[in-house]
Amino acid sequence: MKTSSIAMFEALALDAFDLPEGVTYLDGNSLGPLPKAARARVDSMLKEEWGKLLIGGWNAGGADGEGWMDQPLIQGDRIGHLIGAPKGTTLVGETLSIRLYQALAAALSLRPDRKVVLTDSGNFPSDLYMAQALLETLGQGHELVIVEPEEVADRIGDDVAVLMLTHVDYRSGRMHDMAALTKAAHDIGALTVWDLAHSAGAVVVDLAGCEADFAVGCTYKYLNGGPGAPAFIHAREDHCETARPVLAGWLGHAAPFAFEQAYRPGPGISRFRVGTPPIVQMAALETALDVFDGVEMADIRARSIALSQGFVERVLDKTDLQLASDPDPQKRGSQISLHHAEGYAVMQALIARGVVGDFRAPDILRFGFAPLYNSRADVLSAADELAEIVASEAWNRPEFLTRKAVT
Ligand SMILES: *Cc1c(COP(=O)(O)O)cnc(C)c1O
């Protein structure tokens, strides 16, 4: 990485996000921090756009007056740029669970003769639940086959309609080889649905280079769009023209304001629109995407590896904690997971000292690294705090052992 990029990260780390004094935030893989510019932008959206333009905002709102209605496509292209998707193939809106359902249903509609959806046991439960519910609703004898992550490649066979995987495992950080698995799926005539929840804004993704069919992801993790920020969906250019969008909402219609009685899918990716987009939330997301302007994902990735390696080397040097992530940084996302039988209490003790990570059942301490706001000094002192808590058993106190609703 060039020195200029390193200097730029230091500047971003100082400038772009509003983090409480004394907090080292290693949980951007769950909810990214508040971009400093978000408050003014949301405020002006409320005052100048909603407040003054009222219904006219749909045509004339937005930071540049381009209208609220096109925001899902405009922001979709900005996210597309970060995940290697060509312009006009990515769209923002709805939640990730809904986008996953929609992408899987669209992919299945392109392979009506096959009945297997292949996924792995590391996938996020919501993705598995949505897939199970979809297959049940279809009632055509589809089967969700769940194998271990390392067995996926071997199970890809000609009964598979869709390979549905989360690129970076939320628990361990394990990262699949998207190019190789997509190619293996295509070789036997299957389609792919990639969930990029823990990839977008964190690792280099090249959807076009992989010829990936569909991808979905959220914008509130490494993209820092805020709690409740909308998801995104990408469909390969040829699928944009042919796939059934399945959730046939009025905004995906070819002519929403003709108010026709029958559904006709709109052009390109716009057919995957469903309902009215969350414009206030998208004003915040816009400022989060601004932070990525002019930053190369390859530089973010290089710096993320340096941060996570620095952290993990220090932790393994000072403790006997077991790594739940792959020791090879190329095989994991921007995340380090460690086992500890009392992981919940350890994390609570760490949070009490200003180091924020999270806990995932049954015994995982999870730390996300975001070069846009984490510095090397901070992650090293976070490692020191963790080592001290483990060695002293400072976690062994009633206030740390009692579980809250959201872990
Ligand atoms: C975070 C996450 C989700 C959450 O879905 P929402 O609909 O946004 O609540 C789904 N899938 C994966 C893989 C995730 O990491």
# chains A, B, ... in the order shown; residues from 1 in each chain; ligands from 1

$ residues_around --residues "Gln348 (chain A)" --least-positions-apart "3" --cutoff "8 Å" --atoms "only C-alpha atoms" --output "PyMOL selection string"
chain A and resi 344-345+351-352+395+400-401

$ residues_near_ligand --ligand "ligand 1" --cutoff "7 Å" --atoms "only C-alpha atoms and all ligand atoms" --output "JSON list (two decimals) with C-alpha atoms, in the first residue's frame"
[["chain", "number", "residue", "atom", "x", "y", "z"],
["A", 30, "SER", "CA", -22.52, -5.86, 13.36],
["A", 95, "THR", "CA", -33.98, -5.79, 4.22],
["A", 96, "LEU", "CA", -31.31, -8.38, 3.61],
["A", 97, "SER", "CA", -33.58, -11.28, 4.58],
["A", 98, "ILE", "CA", -36.11, -10.13, 1.97],
["A", 123, "ASN", "CA", -24.59, -19.74, 6.80],
["A", 124, "PHE", "CA", -26.49, -17.13, 8.76],
["A", 126, "SER", "CA", -31.94, -15.98, 8.57],
["A", 127, "ASP", "CA", -30.66, -17.07, 5.16],
["A", 166, "THR", "CA", -22.55, -16.34, 2.58],
["A", 170, "TYR", "CA", -20.49, -14.38, 10.39],
["A", 195, "ASP", "CA", -24.59, -13.05, 0.57],
["A", 196, "LEU", "CA", -22.07, -10.25, 1.03],
["A", 197, "ALA", "CA", -23.23, -9.09, 4.49],
["A", 198, "HIS", "CA", -19.71, -9.41, 5.93],
["A", 218, "CYS", "CA", -26.69, -5.18, 4.02],
["A", 231, "ALA", "CA", -30.08, -3.89, 1.94]]

$ residues_around --residues "Leu289 (chain A)" --least-positions-apart "4" --cutoff "9 Å" --atoms "only C-alpha atoms" --output "ChimeraX atom specification"
/A:75,78-79,223-225,284-285,293

$ write_last_selection --atoms "all heavy atoms" --output "PDB file, in the first residue's frame"
ATOM      1  N   GLN A  75     -27.689   4.956  -5.342  1.00  0.00           N
ATOM      2  CA  GLN A  75     -26.883   4.373  -4.265  1.00  0.00           C
ATOM      3  C   GLN A  75     -26.478   2.942  -4.613  1.00  0.00           C
ATOM      4  O   GLN A  75     -25.412   2.476  -4.206  1.00  0.00           O
ATOM      5  CB  GLN A  75     -27.642   4.428  -2.937  1.00  0.00           C
ATOM      6  CG  GLN A  75     -27.862   5.869  -2.479  1.00  0.00           C
ATOM      7  CD  GLN A  75     -28.233   5.978  -1.008  1.00  0.00           C
ATOM      8  OE1 GLN A  75     -28.331   4.995  -0.296  1.00  0.00           O
ATOM      9  NE2 GLN A  75     -28.440   7.209  -0.560  1.00  0.00           N
ATOM     10  N   ARG A  78     -23.308   3.073  -6.456  1.00  0.00           N
ATOM     11  CA  ARG A  78     -22.164   3.401  -5.587  1.00  0.00           C
ATOM     12  C   ARG A  78     -21.706   2.156  -4.826  1.00  0.00           C
ATOM     13  O   ARG A  78     -20.511   1.934  -4.638  1.00  0.00           O
ATOM     14  CB  ARG A  78     -22.547   4.509  -4.597  1.00  0.00           C
ATOM     15  CG  ARG A  78     -22.891   5.813  -5.291  1.00  0.00           C
ATOM     16  CD  ARG A  78     -23.132   6.926  -4.288  1.00  0.00           C
ATOM     17  NE  ARG A  78     -21.882   7.421  -3.713  1.00  0.00           N
ATOM     18  CZ  ARG A  78     -21.826   8.315  -2.721  1.00  0.00           C
ATOM     19  NH1 ARG A  78     -22.946   8.783  -2.183  1.00  0.00           N
ATOM     20  NH2 ARG A  78     -20.671   8.732  -2.267  1.00  0.00           N
ATOM     21  N   ILE A  79     -22.655   1.331  -4.391  1.00  0.00           N
ATOM     22  CA  ILE A  79     -22.290   0.083  -3.714  1.00  0.00           C
ATOM     23  C   ILE A  79     -21.724  -0.904  -4.734  1.00  0.00           C
ATOM     24  O   ILE A  79     -20.733  -1.591  -4.473  1.00  0.00           O
ATOM     25  CB  ILE A  79     -23.501  -0.505  -2.966  1.00  0.00           C
ATOM     26  CG1 ILE A  79     -23.860   0.425  -1.804  1.00  0.00           C
ATOM     27  CG2 ILE A  79     -23.212  -1.917  -2.469  1.00  0.00           C
ATOM     28  CD1 ILE A  79     -25.186   0.123  -1.157  1.00  0.00           C
ATOM     29  N   LEU A 223     -20.442  -1.096   5.785  1.00  0.00           N
ATOM     30  CA  LEU A 223     -20.744   0.099   4.974  1.00  0.00           C
ATOM     31  C   LEU A 223     -21.241   1.269   5.831  1.00  0.00           C
ATOM     32  O   LEU A 223     -21.416   2.378   5.327  1.00  0.00           O
ATOM     33  CB  LEU A 223     -21.739  -0.231   3.858  1.00  0.00           C
ATOM     34  CG  LEU A 223     -21.194  -1.141   2.748  1.00  0.00           C
ATOM     35  CD1 LEU A 223     -22.293  -1.506   1.747  1.00  0.00           C
ATOM     36  CD2 LEU A 223     -20.031  -0.486   2.001  1.00  0.00           C
ATOM     37  N   ASN A 224     -21.537   1.029   7.102  1.00  0.00           N
ATOM     38  CA  ASN A 224     -21.806   2.096   8.082  1.00  0.00           C
ATOM     39  C   ASN A 224     -23.064   2.931   7.801  1.00  0.00           C
ATOM     40  O   ASN A 224     -23.104   4.120   8.128  1.00  0.00           O
ATOM     41  CB  ASN A 224     -20.586   3.037   8.188  1.00  0.00           C
ATOM     42  CG  ASN A 224     -19.280   2.278   8.330  1.00  0.00           C
ATOM     43  OD1 ASN A 224     -19.182   1.386   9.155  1.00  0.00           O
ATOM     44  ND2 ASN A 224     -18.300   2.597   7.517  1.00  0.00           N
ATOM     45  N   GLY A 225     -24.079   2.323   7.216  1.00  0.00           N
ATOM     46  CA  GLY A 225     -25.298   3.070   6.866  1.00  0.00           C
ATOM     47  C   GLY A 225     -26.252   3.317   8.026  1.00  0.00           C
ATOM     48  O   GLY A 225     -27.214   4.066   7.876  1.00  0.00           O
ATOM     49  N   ALA A 284     -28.694   9.119   5.421  1.00  0.00           N
ATOM     50  CA  ALA A 284     -27.555   8.746   6.274  1.00  0.00           C
ATOM     51  C   ALA A 284     -26.603   7.837   5.502  1.00  0.00           C
ATOM     52  O   ALA A 284     -25.373   8.020   5.526  1.00  0.00           O
ATOM     53  CB  ALA A 284     -28.050   8.041   7.537  1.00  0.00           C
ATOM     54  N   LEU A 285     -27.156   6.873   4.784  1.00  0.00           N
ATOM     55  CA  LEU A 285     -26.325   5.932   4.015  1.00  0.00           C
ATOM     56  C   LEU A 285     -25.458   6.670   2.993  1.00  0.00           C
ATOM     57  O   LEU A 285     -24.296   6.315   2.775  1.00  0.00           O
ATOM     58  CB  LEU A 285     -27.233   4.900   3.329  1.00  0.00           C
ATOM     59  CG  LEU A 285     -26.560   3.912   2.374  1.00  0.00           C
ATOM     60  CD1 LEU A 285     -25.430   3.144   3.052  1.00  0.00           C
ATOM     61  CD2 LEU A 285     -27.591   2.933   1.801  1.00  0.00           C
ATOM     62  N   ASP A 293     -15.505   7.151  -1.068  1.00  0.00           N
ATOM     63  CA  ASP A 293     -15.108   7.792  -2.325  1.00  0.00           C
ATOM     64  C   ASP A 293     -13.596   7.944  -2.383  1.00  0.00           C
ATOM     65  O   ASP A 293     -12.986   8.462  -1.449  1.00  0.00           O
ATOM     66  CB  ASP A 293     -15.752   9.177  -2.448  1.00  0.00           C
ATOM     67  CG  ASP A 293     -17.178   9.083  -2.972  1.00  0.00           C
ATOM     68  OD1 ASP A 293     -17.590   7.981  -3.379  1.00  0.00           O
ATOM     69  OD2 ASP A 293     -17.876  10.115  -2.951  1.00  0.00           O
TER      70      ASP A 293
END

$ residues_around --residues "Thr407 (chain A)" --least-positions-apart "3" --cutoff "9 Å" --atoms "only C-alpha atoms" --output "PyMOL selection string"
chain A and resi 344+358-361+403-404

$ residues_around --residues "Leu118 (chain A)" --least-positions-apart "3" --cutoff "9 Å" --atoms "only C-alpha atoms" --output "list in words"
Glu143, Leu144, Val145, Ile146, Val147, Val152, Arg155, Ile156, Val160, Ala161, Val162, Leu163, Met164 and Leu165 of chain A

$ residues_around --residues "Pro86 (chain A)" --least-positions-apart "3" --cutoff "7 Å" --atoms "only C-alpha atoms" --output "number ranges by chain"
A: 80, 89, 208

$ residues_around --residues "Val246 (chain A)" --least-positions-apart "4" --cutoff "8 Å" --atoms "only C-alpha atoms" --output "number ranges by chain"
A: 102, 105-106

$ atom_distance --atom1 "CA of Val23 (chain A)" --atom2 "CA of Asp378 (chain A)"
9.1 Å

$ select_by_dssp --residues "region 66-220 of chain A" --states "alpha helix (DSSP H)" --output "PyMOL selection string"
chain A and resi 71-82+96-109+125-138+152-155+178-187+207-210

$ select_by_dssp --residues "region 37-221 of chain A" --states "strand (DSSP E or B)" --output "NGL selection string"
:A and (90-92 or 116-120 or 143-147 or 160-166 or 168 or 174-175 or 191-195 or 214-217)

$ closest_residue --among "A:Lys318, A:Cys210, A:Pro327, A:Leu386" --to "Val356 (chain A)" --atoms "only C-alpha atoms"
A:Leu386

$ atom_distance --atom1 "CA of Leu34 (chain A)" --atom2 "CA of Leu380 (chain A)"
23.1 Å

$ closest_residue --among "A:Pro277, A:Gly252, A:Gly28, A:Pro125" --to "Val92 (chain A)" --atoms "only C-alpha atoms"
A:Pro277
